[in-house]
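K.L.:
Just work-v5.txt, nothing more (compact mmCIF, C-alpha atoms and all ligand atoms):
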# COMPACT_ATOMS: atom_id res chain seq x y z
CA MET A 986 9.29 12.69 -14.42
CA SER A 987 7.91 9.58 -16.01
CA ALA A 988 4.22 8.79 -16.05
CA ARG A 989 4.91 5.53 -14.24
CA ARG A 990 2.42 4.61 -11.54
CA THR A 991 2.57 2.36 -8.59
CA VAL A 992 -0.04 -0.35 -8.55
CA VAL A 993 -2.08 0.03 -5.43
CA THR A 994 -3.74 -3.15 -4.28
CA ARG A 995 -6.74 -3.06 -2.04
CA TYR A 996 -7.38 -6.01 0.18
CA ALA A 997 -10.10 -7.20 2.41
CA THR A 998 -9.33 -9.10 5.59
CA PRO A 999 -10.91 -8.82 9.00
CA ALA A 1000 -9.96 -5.30 10.01
CA THR A 1001 -9.12 -4.05 13.45
CA GLY A 1002 -10.55 -0.84 14.74
CA GLY A 1003 -13.95 0.75 14.35
CA PRO A 1004 -15.90 3.51 16.03
CA GLU A 1005 -16.33 1.47 19.23
CA ASP A 1006 -12.77 0.14 19.25
CA PRO A 1007 -10.23 1.89 21.53
CA LYS A 1008 -7.63 1.25 18.82
CA ALA A 1009 -9.77 3.16 16.31
CA ASN A 1010 -8.11 6.04 14.55
CA PRO A 1011 -9.15 9.32 16.24
CA VAL A 1012 -8.40 11.17 13.00
CA THR A 1013 -11.42 10.79 10.75
CA THR A 1014 -11.83 14.27 9.29
CA ARG A 1015 -9.68 17.35 8.70
CA GLU A 1016 -11.16 18.93 11.85
CA THR A 1017 -10.10 15.95 13.99
CA LEU A 1018 -6.53 16.16 12.71
CA PRO A 1019 -5.26 17.82 15.94
CA ALA A 1020 -6.26 14.60 17.78
CA ALA A 1021 -3.55 12.61 15.98
CA ARG A 1022 -1.37 10.70 18.43
CA ARG A 1023 1.25 9.63 15.92
CA VAL A 1024 1.95 11.31 12.60
CA VAL A 1025 4.26 10.59 9.67
CA ILE A 1026 5.25 13.80 7.91
CA LYS A 1027 6.96 13.57 4.53
CA ILE A 1028 8.67 16.57 2.99
CA GLY A 1029 9.92 16.67 -0.59
CA SER A 1030 13.26 17.78 -2.03
CA SER A 1031 11.72 20.83 -3.68
CA SER A 1032 10.72 22.21 -0.25
CA LEU A 1033 14.10 21.59 1.37
CA THR A 1034 16.65 22.63 -1.21
CA THR A 1035 17.54 25.51 -3.51
CA PRO A 1036 19.88 25.34 -6.51
CA THR A 1037 22.70 26.33 -4.16
CA GLY A 1038 22.08 23.66 -1.55
CA LEU A 1039 19.96 23.24 1.56
CA ASN A 1040 17.16 25.69 2.21
CA THR A 1041 18.00 26.07 5.88
CA GLU A 1042 15.21 28.58 6.55
CA ALA A 1043 12.61 26.16 5.24
CA ILE A 1044 14.09 23.32 7.30
CA ASP A 1045 14.05 25.46 10.44
CA ALA A 1046 10.42 26.42 9.82
CA LEU A 1047 9.44 22.75 9.45
CA VAL A 1048 11.40 21.83 12.56
CA ASP A 1049 9.50 24.50 14.53
CA VAL A 1050 6.17 23.01 13.46
CA VAL A 1051 7.32 19.49 14.36
CA ALA A 1052 8.66 20.69 17.72
CA ASP A 1053 5.32 22.32 18.47
CA LEU A 1054 3.48 19.09 17.68
CA ARG A 1055 5.86 17.12 19.89
CA SER A 1056 5.38 19.58 22.74
CA ARG A 1057 1.64 18.83 22.52
CA GLY A 1058 2.31 15.10 22.91
CA THR A 1059 2.04 14.05 19.27
CA GLN A 1060 4.68 11.56 18.18
CA VAL A 1061 6.22 12.43 14.84
CA VAL A 1062 8.24 10.45 12.32
CA LEU A 1063 9.74 12.62 9.62
CA VAL A 1064 10.38 11.17 6.17
CA SER A 1065 12.73 13.63 4.57
CA SER A 1066 13.80 13.71 0.95
CA GLY A 1067 16.53 16.05 -0.19
CA ALA A 1068 19.71 13.96 0.13
CA ILE A 1069 20.40 13.77 -3.60
CA ALA A 1070 19.47 17.43 -4.28
CA ALA A 1071 21.51 18.60 -1.28
CA GLY A 1072 24.55 16.85 -2.74
CA PHE A 1073 24.26 18.52 -6.18
CA PRO A 1074 26.12 21.80 -5.50
CA GLN A 1075 28.95 20.14 -3.63
CA LEU A 1076 29.49 17.86 -6.64
CA GLY A 1077 29.03 20.64 -9.22
CA LEU A 1078 25.68 19.26 -10.47
CA THR A 1079 22.65 21.39 -11.34
CA ARG A 1080 20.09 18.67 -12.11
CA ARG A 1081 19.30 15.18 -10.86
CA PRO A 1082 21.85 12.92 -12.58
CA LYS A 1083 20.41 10.05 -14.64
CA ASP A 1084 22.87 7.34 -13.69
CA THR A 1085 22.47 5.47 -10.43
CA ALA A 1086 26.12 5.74 -9.34
CA THR A 1087 26.15 9.57 -9.54
CA GLN A 1088 22.81 9.72 -7.68
CA GLN A 1089 24.31 7.46 -5.03
CA ALA A 1090 27.35 9.73 -4.76
CA ALA A 1091 25.16 12.85 -4.48
CA ALA A 1092 23.03 11.17 -1.80
CA SER A 1093 26.09 10.09 0.12
CA VAL A 1094 27.33 13.68 0.25
CA GLY A 1095 23.91 15.30 0.70
CA GLN A 1096 22.45 12.97 3.36
CA GLY A 1097 25.23 13.99 5.74
CA SER A 1098 24.63 17.71 5.21
CA LEU A 1099 20.87 17.22 5.53
CA MET A 1100 21.15 15.36 8.84
CA ALA A 1101 23.74 17.80 10.14
CA HIS A 1102 21.29 20.63 9.63
CA TYR A 1103 18.31 18.74 11.09
CA SER A 1104 20.44 17.88 14.09
CA GLN A 1105 21.41 21.51 14.61
CA SER A 1106 17.90 22.77 14.02
CA PHE A 1107 16.21 20.30 16.41
CA ALA A 1108 18.88 21.12 19.01
CA ARG A 1109 17.19 24.55 19.26
CA HIS A 1110 14.29 22.62 20.80
CA ALA A 1111 16.55 20.37 22.90
CA THR A 1112 15.57 17.43 20.69
CA THR A 1113 17.86 14.60 19.63
CA VAL A 1114 17.45 13.24 16.11
CA GLY A 1115 18.00 9.70 14.87
CA GLN A 1116 18.63 8.79 11.24
CA VAL A 1117 16.87 5.73 9.80
CA LEU A 1118 17.82 4.80 6.24
CA LEU A 1119 15.64 2.14 4.65
CA THR A 1120 15.71 0.17 1.43
CA ALA A 1121 12.68 -1.45 -0.20
CA GLU A 1122 14.15 -4.86 0.65
CA GLU A 1123 13.97 -4.06 4.34
CA LEU A 1124 10.24 -3.62 4.24
CA MET A 1125 9.64 -6.56 1.88
CA ARG A 1126 11.08 -9.27 4.12
CA ARG A 1127 9.07 -9.94 7.25
CA GLY A 1128 12.11 -10.27 9.56
CA GLN A 1129 13.64 -7.01 8.38
CA TYR A 1130 10.26 -5.27 8.45
CA ILE A 1131 9.91 -6.20 12.11
CA ASN A 1132 13.48 -4.97 12.72
CA ALA A 1133 12.68 -1.61 11.15
CA HIS A 1134 9.50 -1.43 13.23
CA ARG A 1135 11.42 -2.22 16.41
CA SER A 1136 14.04 0.44 15.69
CA LEU A 1137 11.48 3.19 15.00
CA ALA A 1138 9.35 2.20 17.98
CA ARG A 1139 12.37 2.38 20.27
CA LEU A 1140 13.37 5.80 18.98
CA LEU A 1141 9.85 7.03 19.67
CA THR A 1142 9.74 5.64 23.20
CA MET A 1143 13.14 7.26 23.86
CA ASP A 1144 11.68 10.56 22.66
CA VAL A 1145 14.19 10.75 19.82
CA MET A 1146 13.01 12.41 16.60
CA PRO A 1147 13.32 9.73 13.86
CA ILE A 1148 14.23 11.07 10.42
CA VAL A 1149 13.73 8.51 7.68
CA ASN A 1150 14.99 8.48 4.12
CA GLU A 1151 15.71 5.88 1.52
CA ASN A 1152 19.26 4.55 1.77
CA ASP A 1153 20.07 6.20 -1.56
CA ALA A 1154 23.83 5.81 -1.29
CA VAL A 1155 23.53 2.04 -1.72
CA ALA A 1156 20.04 1.46 -3.13
CA THR A 1157 20.23 0.30 -6.74
CA ARG A 1158 17.50 0.75 -9.32
CA GLU A 1159 16.19 -2.79 -8.68
CA ILE A 1160 15.76 -2.42 -4.95
CA ARG A 1161 14.65 1.20 -4.68
CA PHE A 1162 11.38 2.58 -3.45
CA GLY A 1163 12.10 5.25 -6.06
CA ASP A 1164 10.01 7.85 -4.35
CA ASN A 1165 9.65 8.91 -0.77
CA ASP A 1166 5.89 9.40 -1.01
CA ARG A 1167 5.46 5.63 -1.17
CA LEU A 1168 8.14 5.16 1.50
CA ALA A 1169 6.20 7.56 3.73
CA ALA A 1170 2.94 5.64 3.25
CA LEU A 1171 4.64 2.36 4.09
CA THR A 1172 6.34 3.98 7.10
CA ALA A 1173 2.96 5.27 8.29
CA ASN A 1174 1.72 1.70 8.23
CA LEU A 1175 4.94 0.43 9.83
CA VAL A 1176 4.55 2.71 12.85
CA LYS A 1177 0.72 2.53 12.88
CA ALA A 1178 0.38 6.27 12.44
CA ASP A 1179 -3.00 7.99 12.74
CA LEU A 1180 -2.18 10.33 9.89
CA LEU A 1181 0.13 10.84 6.93
CA VAL A 1182 1.02 14.40 5.96
CA LEU A 1183 2.70 15.01 2.60
CA LEU A 1184 4.38 18.41 2.37
CA SER A 1185 5.27 19.58 -1.11
CA ASP A 1186 5.97 22.79 -3.01
CA VAL A 1187 2.32 23.00 -4.00
CA ASP A 1188 -0.45 23.73 -1.48
CA ALA A 1189 -2.90 21.05 -2.68
CA LEU A 1190 -3.86 18.63 -5.39
CA TYR A 1191 -5.42 20.53 -8.29
CA THR A 1192 -7.67 19.33 -11.08
CA GLY A 1193 -4.78 19.99 -13.48
CA HIS A 1194 -1.29 21.41 -13.25
CA PRO A 1195 -1.49 24.37 -10.81
CA SER A 1196 0.10 26.70 -13.37
CA LEU A 1197 -2.98 26.33 -15.62
CA PRO A 1198 -5.61 29.07 -15.11
CA ASP A 1199 -8.62 26.73 -14.90
CA SER A 1200 -7.04 24.29 -12.41
CA ARG A 1201 -9.02 24.13 -9.16
CA ARG A 1202 -7.98 22.93 -5.74
CA ILE A 1203 -9.47 19.56 -4.75
CA ALA A 1204 -10.33 19.92 -1.05
CA THR A 1205 -11.30 16.31 -0.34
CA VAL A 1206 -10.81 12.96 -2.03
CA SER A 1207 -13.35 10.46 -0.74
CA SER A 1208 -13.16 7.87 -3.49
CA ASP A 1209 -11.62 7.19 -6.87
CA GLU A 1210 -14.47 9.10 -8.53
CA ASP A 1211 -13.09 12.34 -7.08
CA LEU A 1212 -9.93 11.70 -9.09
CA ALA A 1213 -11.59 10.96 -12.41
CA GLY A 1214 -10.25 13.35 -15.02
CA VAL A 1215 -7.63 14.83 -12.68
CA ASP A 1216 -4.32 15.42 -14.47
CA VAL A 1217 -1.42 14.57 -12.17
CA ARG A 1218 1.11 13.69 -14.82
CA THR A 1219 2.68 17.04 -15.59
CA PRO A 1220 6.15 17.07 -14.01
CA GLY A 1221 6.90 19.26 -11.05
CA SER A 1222 9.89 20.94 -9.50
CA ALA A 1223 12.74 21.52 -11.91
CA GLY A 1224 14.80 18.40 -11.64
CA VAL A 1225 14.96 17.87 -7.87
CA GLY A 1226 11.90 15.85 -6.86
CA THR A 1227 11.26 12.42 -8.30
CA GLY A 1228 7.65 11.64 -7.67
CA GLY A 1229 5.52 14.59 -8.68
CA MET A 1230 1.80 14.37 -8.00
CA VAL A 1231 1.43 10.82 -9.33
CA THR A 1232 3.30 9.29 -6.43
CA LYS A 1233 1.56 11.51 -3.87
CA VAL A 1234 -1.86 10.32 -5.02
CA ASP A 1235 -0.60 6.73 -5.02
CA ALA A 1236 0.86 7.13 -1.53
CA ALA A 1237 -2.44 8.52 -0.25
CA GLY A 1238 -4.13 5.48 -1.85
CA ILE A 1239 -1.79 3.10 -0.03
CA ALA A 1240 -2.37 4.89 3.28
CA ALA A 1241 -6.14 4.94 2.69
CA THR A 1242 -6.26 1.17 2.25
CA THR A 1243 -4.48 0.70 5.57
CA GLY A 1244 -6.95 2.98 7.36
CA ILE A 1245 -4.69 6.03 7.50
CA PRO A 1246 -5.93 9.39 6.11
CA THR A 1247 -3.55 11.73 4.28
CA LEU A 1248 -3.31 15.48 4.14
CA LEU A 1249 -1.39 16.92 1.21
CA THR A 1250 -0.29 20.54 1.40
CA SER A 1251 2.72 22.81 1.23
CA ALA A 1252 5.33 23.17 3.96
CA PRO A 1253 4.30 26.79 4.79
CA ASN A 1254 0.74 25.51 5.37
CA ALA A 1255 1.84 22.81 7.80
CA ALA A 1256 0.97 24.71 11.01
CA ALA A 1257 -2.51 25.60 9.70
CA ALA A 1258 -3.04 21.98 8.64
CA PHE A 1259 -2.19 20.70 12.11
CA ALA A 1260 -4.65 23.19 13.57
CA GLY A 1261 -7.38 21.50 11.49
CA GLU A 1262 -7.82 24.43 9.09
CA ASP A 1263 -9.23 24.00 5.60
CA VAL A 1264 -5.97 23.81 3.68
CA GLY A 1265 -4.58 21.29 1.20
CA THR A 1266 -6.24 18.12 0.03
CA TRP A 1267 -7.71 15.64 2.48
CA PHE A 1268 -7.71 11.98 1.40
CA GLU A 1269 -10.26 10.00 3.39
CA VAL A 1270 -9.60 6.43 4.41
CA ALA A 1271 -11.03 3.70 2.19
CA GLY A 1272 -11.93 1.37 5.04
CA ARG A 1273 -11.30 0.59 8.66
CA ARG A 1274 -7.82 0.39 10.10
CA ARG A 1275 -6.06 -2.83 9.03
CA SER A 1276 -3.66 -4.85 11.08
CA ALA A 1277 -0.07 -3.95 10.22
CA ARG A 1278 0.61 -7.58 9.31
CA ALA A 1279 -2.28 -7.72 6.86
CA ALA A 1280 -1.11 -4.46 5.32
CA TRP A 1281 2.42 -5.81 5.02
CA LEU A 1282 1.14 -8.96 3.28
CA GLY A 1283 -1.14 -7.01 0.97
CA LEU A 1284 1.11 -4.10 0.07
CA THR A 1285 4.76 -4.56 0.90
CA ALA A 1286 5.79 -8.19 1.06
CA GLU A 1287 8.05 -9.64 -1.59
CA VAL A 1288 6.12 -12.22 -3.62
CA ARG A 1289 8.22 -15.33 -4.32
CA GLY A 1290 5.79 -17.50 -6.26
CA ARG A 1291 2.27 -18.21 -7.41
CA LEU A 1292 -0.33 -20.86 -6.67
CA THR A 1293 -3.14 -21.20 -9.19
CA ILE A 1294 -6.35 -22.55 -7.73
CA ASP A 1295 -9.54 -24.02 -9.18
CA ASP A 1296 -13.02 -22.48 -8.96
CA GLY A 1297 -13.91 -24.70 -6.01
CA ALA A 1298 -10.98 -23.32 -4.00
CA VAL A 1299 -11.92 -19.74 -4.90
CA ALA A 1300 -15.45 -20.38 -3.61
CA GLY A 1301 -14.44 -22.59 -0.69
CA ALA A 1302 -11.32 -20.83 0.57
CA ILE A 1303 -10.90 -17.31 -0.82
CA ASP A 1304 -14.57 -16.28 -0.77
CA ARG A 1305 -15.16 -17.79 2.68
CA GLY A 1306 -11.91 -16.89 4.42
CA ARG A 1307 -10.80 -20.50 4.85
CA SER A 1308 -7.41 -22.23 4.60
CA LEU A 1309 -6.18 -23.28 1.19
CA LEU A 1310 -5.68 -27.04 0.77
CA ALA A 1311 -3.56 -28.78 -1.86
CA ALA A 1312 -6.69 -30.34 -3.38
CA GLY A 1313 -7.71 -26.97 -4.86
CA ILE A 1314 -4.32 -26.05 -6.32
CA THR A 1315 -3.84 -26.71 -10.03
CA ASP A 1316 -0.47 -25.12 -10.74
CA VAL A 1317 2.56 -23.69 -8.98
CA SER A 1318 5.41 -21.44 -10.12
CA GLY A 1319 8.30 -19.49 -8.60
CA GLN A 1320 11.07 -20.25 -6.14
CA PHE A 1321 9.88 -20.18 -2.57
CA THR A 1322 10.49 -21.90 0.71
CA ALA A 1323 8.04 -22.50 3.56
CA GLY A 1324 7.14 -19.15 5.13
CA ASP A 1325 7.58 -17.10 1.93
CA VAL A 1326 4.81 -14.98 0.45
CA VAL A 1327 3.05 -16.28 -2.65
CA GLU A 1328 0.18 -14.91 -4.67
CA ILE A 1329 -2.93 -16.98 -5.16
CA ALA A 1330 -4.49 -16.70 -8.62
CA ASP A 1331 -7.69 -18.04 -10.11
CA GLN A 1332 -8.03 -19.92 -13.40
CA ASP A 1333 -8.24 -16.63 -15.32
CA GLY A 1334 -4.88 -15.55 -13.90
CA ARG A 1335 -6.38 -12.90 -11.63
CA VAL A 1336 -4.50 -12.59 -8.38
CA ARG A 1337 -7.10 -13.04 -5.64
CA ALA A 1338 -4.96 -13.19 -2.51
CA ARG A 1339 -1.49 -13.18 -1.04
CA GLY A 1340 -0.39 -15.48 1.72
CA LEU A 1341 2.39 -17.22 3.59
CA VAL A 1342 2.92 -20.66 2.12
CA GLN A 1343 3.61 -23.62 4.43
CA TYR A 1344 5.57 -25.74 1.92
CA SER A 1345 8.43 -25.08 -0.50
CA ALA A 1346 8.27 -24.79 -4.30
CA SER A 1347 9.77 -28.28 -4.56
CA GLN A 1348 7.14 -29.82 -2.23
CA VAL A 1349 3.93 -28.26 -3.57
CA PRO A 1350 3.99 -29.84 -7.09
CA ARG A 1351 3.80 -33.32 -5.54
CA MET A 1352 0.76 -32.29 -3.54
CA LEU A 1353 -1.35 -30.68 -6.30
CA GLY A 1354 -4.97 -31.78 -6.51
CA ARG A 1355 -4.62 -34.38 -3.75
CA SER A 1356 -6.88 -34.63 -0.75
CA THR A 1357 -5.45 -34.45 2.75
CA ALA A 1358 -6.11 -38.18 3.31
CA VAL A 1359 -4.34 -39.17 0.09
CA LEU A 1360 -1.40 -36.88 0.86
CA LYS A 1361 -0.96 -38.44 4.27
CA GLU A 1362 -1.12 -41.94 2.84
CA GLU A 1363 1.17 -41.33 -0.13
CA LEU A 1364 3.66 -38.73 1.14
CA GLY A 1365 3.54 -39.09 4.91
CA ALA A 1366 2.14 -37.18 7.88
CA GLY A 1367 4.16 -33.99 7.19
CA TYR A 1368 2.19 -33.41 3.98
CA ASP A 1369 -1.33 -33.38 5.37
CA GLY A 1370 -1.35 -29.76 6.51
CA VAL A 1371 -2.92 -26.78 4.81
CA VAL A 1372 -0.84 -25.06 2.13
CA VAL A 1373 -1.84 -21.52 3.16
CA HIS A 1374 -3.51 -21.15 6.54
CA ALA A 1375 -6.64 -18.99 6.86
CA ASP A 1376 -4.82 -16.65 9.28
CA ASP A 1377 -1.96 -16.13 6.84
CA TRP A 1378 -3.56 -14.71 3.72
CA VAL A 1379 -5.19 -11.47 2.66
CA ARG A 1380 -7.68 -11.04 -0.14
CA LEU A 1381 -6.86 -8.61 -2.94
CA ALA A 1382 -9.41 -6.67 -4.89
CA PRO A 1383 -8.62 -5.33 -8.37
CA SER A 1384 -6.11 -2.47 -8.55
CA HIS A 1385 -7.88 0.82 -8.51
CA ALA A 1386 -7.46 3.45 -11.18
CA ALA A 1387 -6.68 6.31 -8.84
CA TYR A 1388 -6.34 8.89 -11.51
CA SER A 1389 -6.72 9.38 -15.22
N1 LIG B 1 -2.81 18.10 -10.48
C1 LIG B 1 -1.74 18.63 -9.87
N2 LIG B 1 -1.91 19.31 -8.71
C2 LIG B 1 -0.85 19.83 -8.04
N3 LIG B 1 0.44 19.73 -8.47
C3 LIG B 1 0.67 19.06 -9.62
C4 LIG B 1 -0.40 18.50 -10.37
N4 LIG B 1 0.14 17.90 -11.45
C5 LIG B 1 1.44 18.08 -11.40
N5 LIG B 1 1.82 18.78 -10.30
C6 LIG B 1 3.18 19.14 -9.95
O1 LIG B 1 3.68 18.30 -8.89
C7 LIG B 1 4.63 19.06 -8.15
C8 LIG B 1 4.94 18.41 -6.84
O2 LIG B 1 5.77 17.28 -7.05
P1 LIG B 1 7.34 17.27 -6.72
O3 LIG B 1 7.98 18.41 -7.38
O4 LIG B 1 7.88 15.91 -7.02
O5 LIG B 1 7.29 17.56 -5.18
P2 LIG B 1 8.12 17.03 -3.94
O6 LIG B 1 9.54 17.43 -4.14
O7 LIG B 1 7.43 17.76 -2.83
O8 LIG B 1 7.95 15.54 -3.86
C9 LIG B 1 3.97 20.41 -8.09
O9 LIG B 1 4.88 21.44 -7.81
C10 LIG B 1 3.34 20.58 -9.46
O10 LIG B 1 4.20 21.23 -10.35
N1 LIG B 2 15.43 9.78 -1.32
C1 LIG B 2 15.64 10.85 -2.26
C2 LIG B 2 14.36 11.55 -2.63
C3 LIG B 2 13.41 10.79 -3.47
C4 LIG B 2 12.08 11.52 -3.65
O1 LIG B 2 11.03 10.91 -3.65
O2 LIG B 2 12.14 12.88 -3.74
P1 LIG B 2 10.84 13.85 -3.65
O3 LIG B 2 9.99 13.62 -4.86
O4 LIG B 2 11.41 15.20 -3.62
O5 LIG B 2 10.12 13.48 -2.39
C5 LIG B 2 16.54 11.93 -1.67
O6 LIG B 2 16.63 12.05 -0.44
O7 LIG B 2 17.13 12.67 -2.46
Any chance you could put this one into structure tokens?
P.N.:
Amino acid sequence: MSARRTVVTRYATPATGGPEDPKANPVTTRETLPAARRVVIKIGSSSLTTPTGLNTEAIDALVDVVADLRSRGTQVVLVSSGAIAAGFPQLGLTRRPKDTATQQAAASVGQGSLMAHYSQSFARHATTVGQVLLTAEELMRRGQYINAHRSLARLLTMDVMPIVNENDAVATREIRFGDNDRLAALTANLVKADLLVLLSDVDALYTGHPSLPDSRRIATVSSDEDLAGVDVRTPGSAGVGTGGMVTKVDAAGIAATTGIPTLLTSAPNAAAAFAGEDVGTWFEVAGRRRSARAAWLGLTAEVRGRLTIDDGAVAGAIDRGRSLLAAGITDVSGQFTAGDVVEIADQDGRVRARGLVQYSASQVPRMLGRSTAVLKEELGAGYDGVVVHADDWVRLAPSHAAYS
């Protein structure tokens, strides 16, 4: 496993939800976890497979826990890894192959076996399963994001059990999520879940690798300080998982910024976790629940360009939540059309916000530094609008160092 980390951006826009808000998340502590109305559960390859293929006993045990939750009225979306590892034995492989094409082949073989077993296992509970394979691209473009949302929402209203994975058979290195922990966090936001549960082969986050004698379980993570000095970089499960602990901590960070708490524990602990027992690691939310659109803009959207703004625009627009006018823009780069997402940077190059731009990359350069009145006079009525409307941008705070 590489020591790569996902950059987690925090953003600050008017949030929805709060203690007095009916849309507020009922899950605020480990004890309130049984109140979750909608949960995204992610399970890793190491918990679902053995060197000889699928671990059908483990899958059945997970399915029983999910079925129990569903029978109590909790909606569940399962994000299941395991396609690539499940394909190994059938292709004569013992470790995750390095090249993309062989991984794609393994996933193509393994995803079918995985779903076949889920289908059979959920049938014991008279439950129909639906497969949803996503690529990063799908969640980056607004239209496709809404499509994915619509599909999952429909499955849930039809009482089908959605099982999500990355579309590994076609995803290339450039357009991959790369790890299902992040996919699970983004899915939790996509379906507005109350809770994200990450099930791994380890029962909690530890202060160091769990095999080390002085490593201690971390019961709760309330802020970045709780992660200072925590070593998450030592690789995990022999060649099957991809993320390790780094991506789990990052995923919990993403969920936290969208107002969704995360519980990290092992698959055998799942039932105890859903009963609100003191197992695993509980990651508290970093703020109030955000609108899904704001979270999409801040975390998922594909950025097509950059607008650099002067200090007056930082103070007048970004700091005060106002629309961005051409007069405050000093530079523009990238290839974008009206409606694309651009980042908004200050004179020091710090990205301060992300928003939907109202003009294309060929139009904005002609507008730079000009007042609305001058734009209207020189370029015509179509050029007197705001460049990024106040409703269409989210503020970003500096990336947080979630771990050492
Ligand atoms: N600080 C830590 N606390 C717990 N586990 C850690 C830590 N650092 C590294 N790990 C490793 O991360 C592994 C979990 O990651 P991974 O094998 O990718 O799981 P999954 O397949 O569930 O995604 C653990 O089994 C453990 O070996
Ligand atoms: N999508 C891939 C799994 C990627 C992944 O993140 O694996 P893991 O670290 O085991 O959760 C698969 O199904 O094999």
K.L.:
Quick one: contact table of chain A to ligand LIG 1 (chain B), 9 Å max, nearest atom pair and distance in Å to one decimal per residue, counting all atoms listed in the file, chain and number order, as CSV?
P.N.:
residue,atom,partner,partner_atom,distance
A:Met986,CA,B:LIG1,O4,8.2
A:Lys1027,CA,B:LIG1,O7,8.5
A:Ile1028,CA,B:LIG1,O7,6.1
A:Gly1029,CA,B:LIG1,O7,3.5
A:Ser1030,CA,B:LIG1,O6,4.3
A:Ser1031,CA,B:LIG1,O6,4.1
A:Ser1032,CA,B:LIG1,O7,6.1
A:Leu1033,CA,B:LIG1,O6,8.3
A:Ser1066,CA,B:LIG1,O6,7.6
A:Gly1067,CA,B:LIG1,O6,8.1
A:Asp1164,CA,B:LIG1,O8,8.0
A:Asn1165,CA,B:LIG1,O8,7.5
A:Asp1166,CA,B:LIG1,O8,7.1
A:Leu1183,CA,B:LIG1,O7,7.7
A:Leu1184,CA,B:LIG1,O7,6.1
A:Ser1185,CA,B:LIG1,O7,3.3
A:Asp1186,CA,B:LIG1,O9,5.1
A:Val1187,CA,B:LIG1,O9,4.8
A:Asp1188,CA,B:LIG1,C2,7.6
A:Ala1189,CA,B:LIG1,C2,5.9
A:Leu1190,CA,B:LIG1,N2,3.9
A:Tyr1191,CA,B:LIG1,N2,3.7
A:Thr1192,CA,B:LIG1,N1,5.0
A:Gly1193,CA,B:LIG1,N1,4.1
A:His1194,CA,B:LIG1,C4,4.2
A:Pro1195,CA,B:LIG1,C2,5.4
A:Ser1196,CA,B:LIG1,O10,7.5
A:Ser1200,CA,B:LIG1,N1,7.7
A:Arg1201,CA,B:LIG1,N2,8.6
A:Arg1202,CA,B:LIG1,N2,7.7
A:Ile1203,CA,B:LIG1,N2,8.5
A:Val1215,CA,B:LIG1,N1,6.2
A:Asp1216,CA,B:LIG1,N1,5.0
A:Val1217,CA,B:LIG1,N4,3.7
A:Arg1218,CA,B:LIG1,N4,5.5
A:Thr1219,CA,B:LIG1,C5,4.5
A:Pro1220,CA,B:LIG1,C6,5.4
A:Gly1221,CA,B:LIG1,O10,3.4
A:Ser1222,CA,B:LIG1,O3,3.8
A:Ala1223,CA,B:LIG1,O3,7.3
A:Gly1224,CA,B:LIG1,O3,8.0
A:Val1225,CA,B:LIG1,O6,6.6
A:Gly1226,CA,B:LIG1,O6,3.9
A:Thr1227,CA,B:LIG1,O4,5.0
A:Gly1228,CA,B:LIG1,O4,4.3
A:Gly1229,CA,B:LIG1,O2,3.2
A:Met1230,CA,B:LIG1,O1,4.4
A:Val1231,CA,B:LIG1,N4,7.5
A:Thr1232,CA,B:LIG1,O4,8.1
A:Lys1233,CA,B:LIG1,O8,7.6
A:Ser1251,CA,B:LIG1,O7,8.0
A:Ala1252,CA,B:LIG1,O7,8.9
K.L.:
Identify which of the residues A:Arg1081, A:Ala1256, A:Leu1353, A:Gly1319 lies closest to A:Asp1295, counting only C-alpha atoms when measuring atom-to-atom distances.
P.N.:
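Ranking A:Arg1081, A:Ala1256, A:Leu1353, A:Gly1319 by distance to A:Asp1295, first place goes to A:Leu1353.
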K.L.:
Quick one, how far is atom CA of A:Gln1320 from atom CA of A:Ser1345?
P.N.:
7.9 Å
K.L.:
List as a ChimeraX atom specification the protein and nucleic acid residues near A:Ala1237, meaning an atom at most 8 Å away when all atoms listed in the file are counted, but skip any in the same chain fewer than 2 places from it.
P.N.:
/A:1170,1181,1233-1235,1239-1241,1246-1247,1268
K.L.:
So that I can see what lies close to stretch 1326-1329 of chain A, please list as a VMD selection string the residues with an atom at most 10 Å from it, counting all atoms listed in the file and leaving out residues fewer than 4 positions away in the same chain.
P.N.:
chain A and resid 1125 to 1127 1282 to 1283 1286 to 1294 1299 1303 1309 1314 1317 to 1322 1334 to 1343 1373 1377 to 1381
K.L.:
For atom CA of A:Leu1180 and atom CA of A:Ala1277, quote the distance in Å rounded to one decimal.
P.N.:
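Here the two named atoms are 14.4 Å from each other.
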K.L.:
Residues within 9 Å of A:Val1117, please, as a count of residues only. Count all atoms listed in the file; anything in the same chain fewer than 2 positions from it doesn't count.
P.N.:
11
K.L.:
Between A:Ile1026, A:Ala1280, A:Leu1212, A:Val1371, single out the one closest to ligand LIG 2 (chain B), counting all atoms listed in the file.
P.N.:
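For ligand LIG 2 (chain B), the nearest of the given residues is A:Ile1026.
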K.L.:
Point out the residue among A:Asp1316, A:Leu1168, A:Val1359, A:Ala1236 with the least atom-to-atom distance to A:Ala1346, counting only C-alpha atoms.
P.N.:
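Checking each candidate against A:Ala1346, we get A:Asp1316 as the closest.
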K.L.:
Quick one: pull the distance between atom CA of A:Thr1357 and atom CA of A:Asp1333, Å, one decimal.
P.N.:
25.5 Å
K.L.:
For a quick check of understanding, using all atoms listed in the file, which of A:Leu1175, A:His1110, A:Val1062, A:Ala1091 has the smallest distance to A:Leu1076?
P.N.:
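Closest residue, counting all atoms listed in the file: A:Ala1091.
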K.L.:
Have a look at A:Lys1177, A:Glu1269, A:Ile1069, A:Gly1297 and name the one nearest to A:Ala1138; count all atoms listed in the file.
P.N.:
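Among A:Lys1177, A:Glu1269, A:Ile1069, A:Gly1297, it is A:Lys1177 that comes nearest to A:Ala1138.
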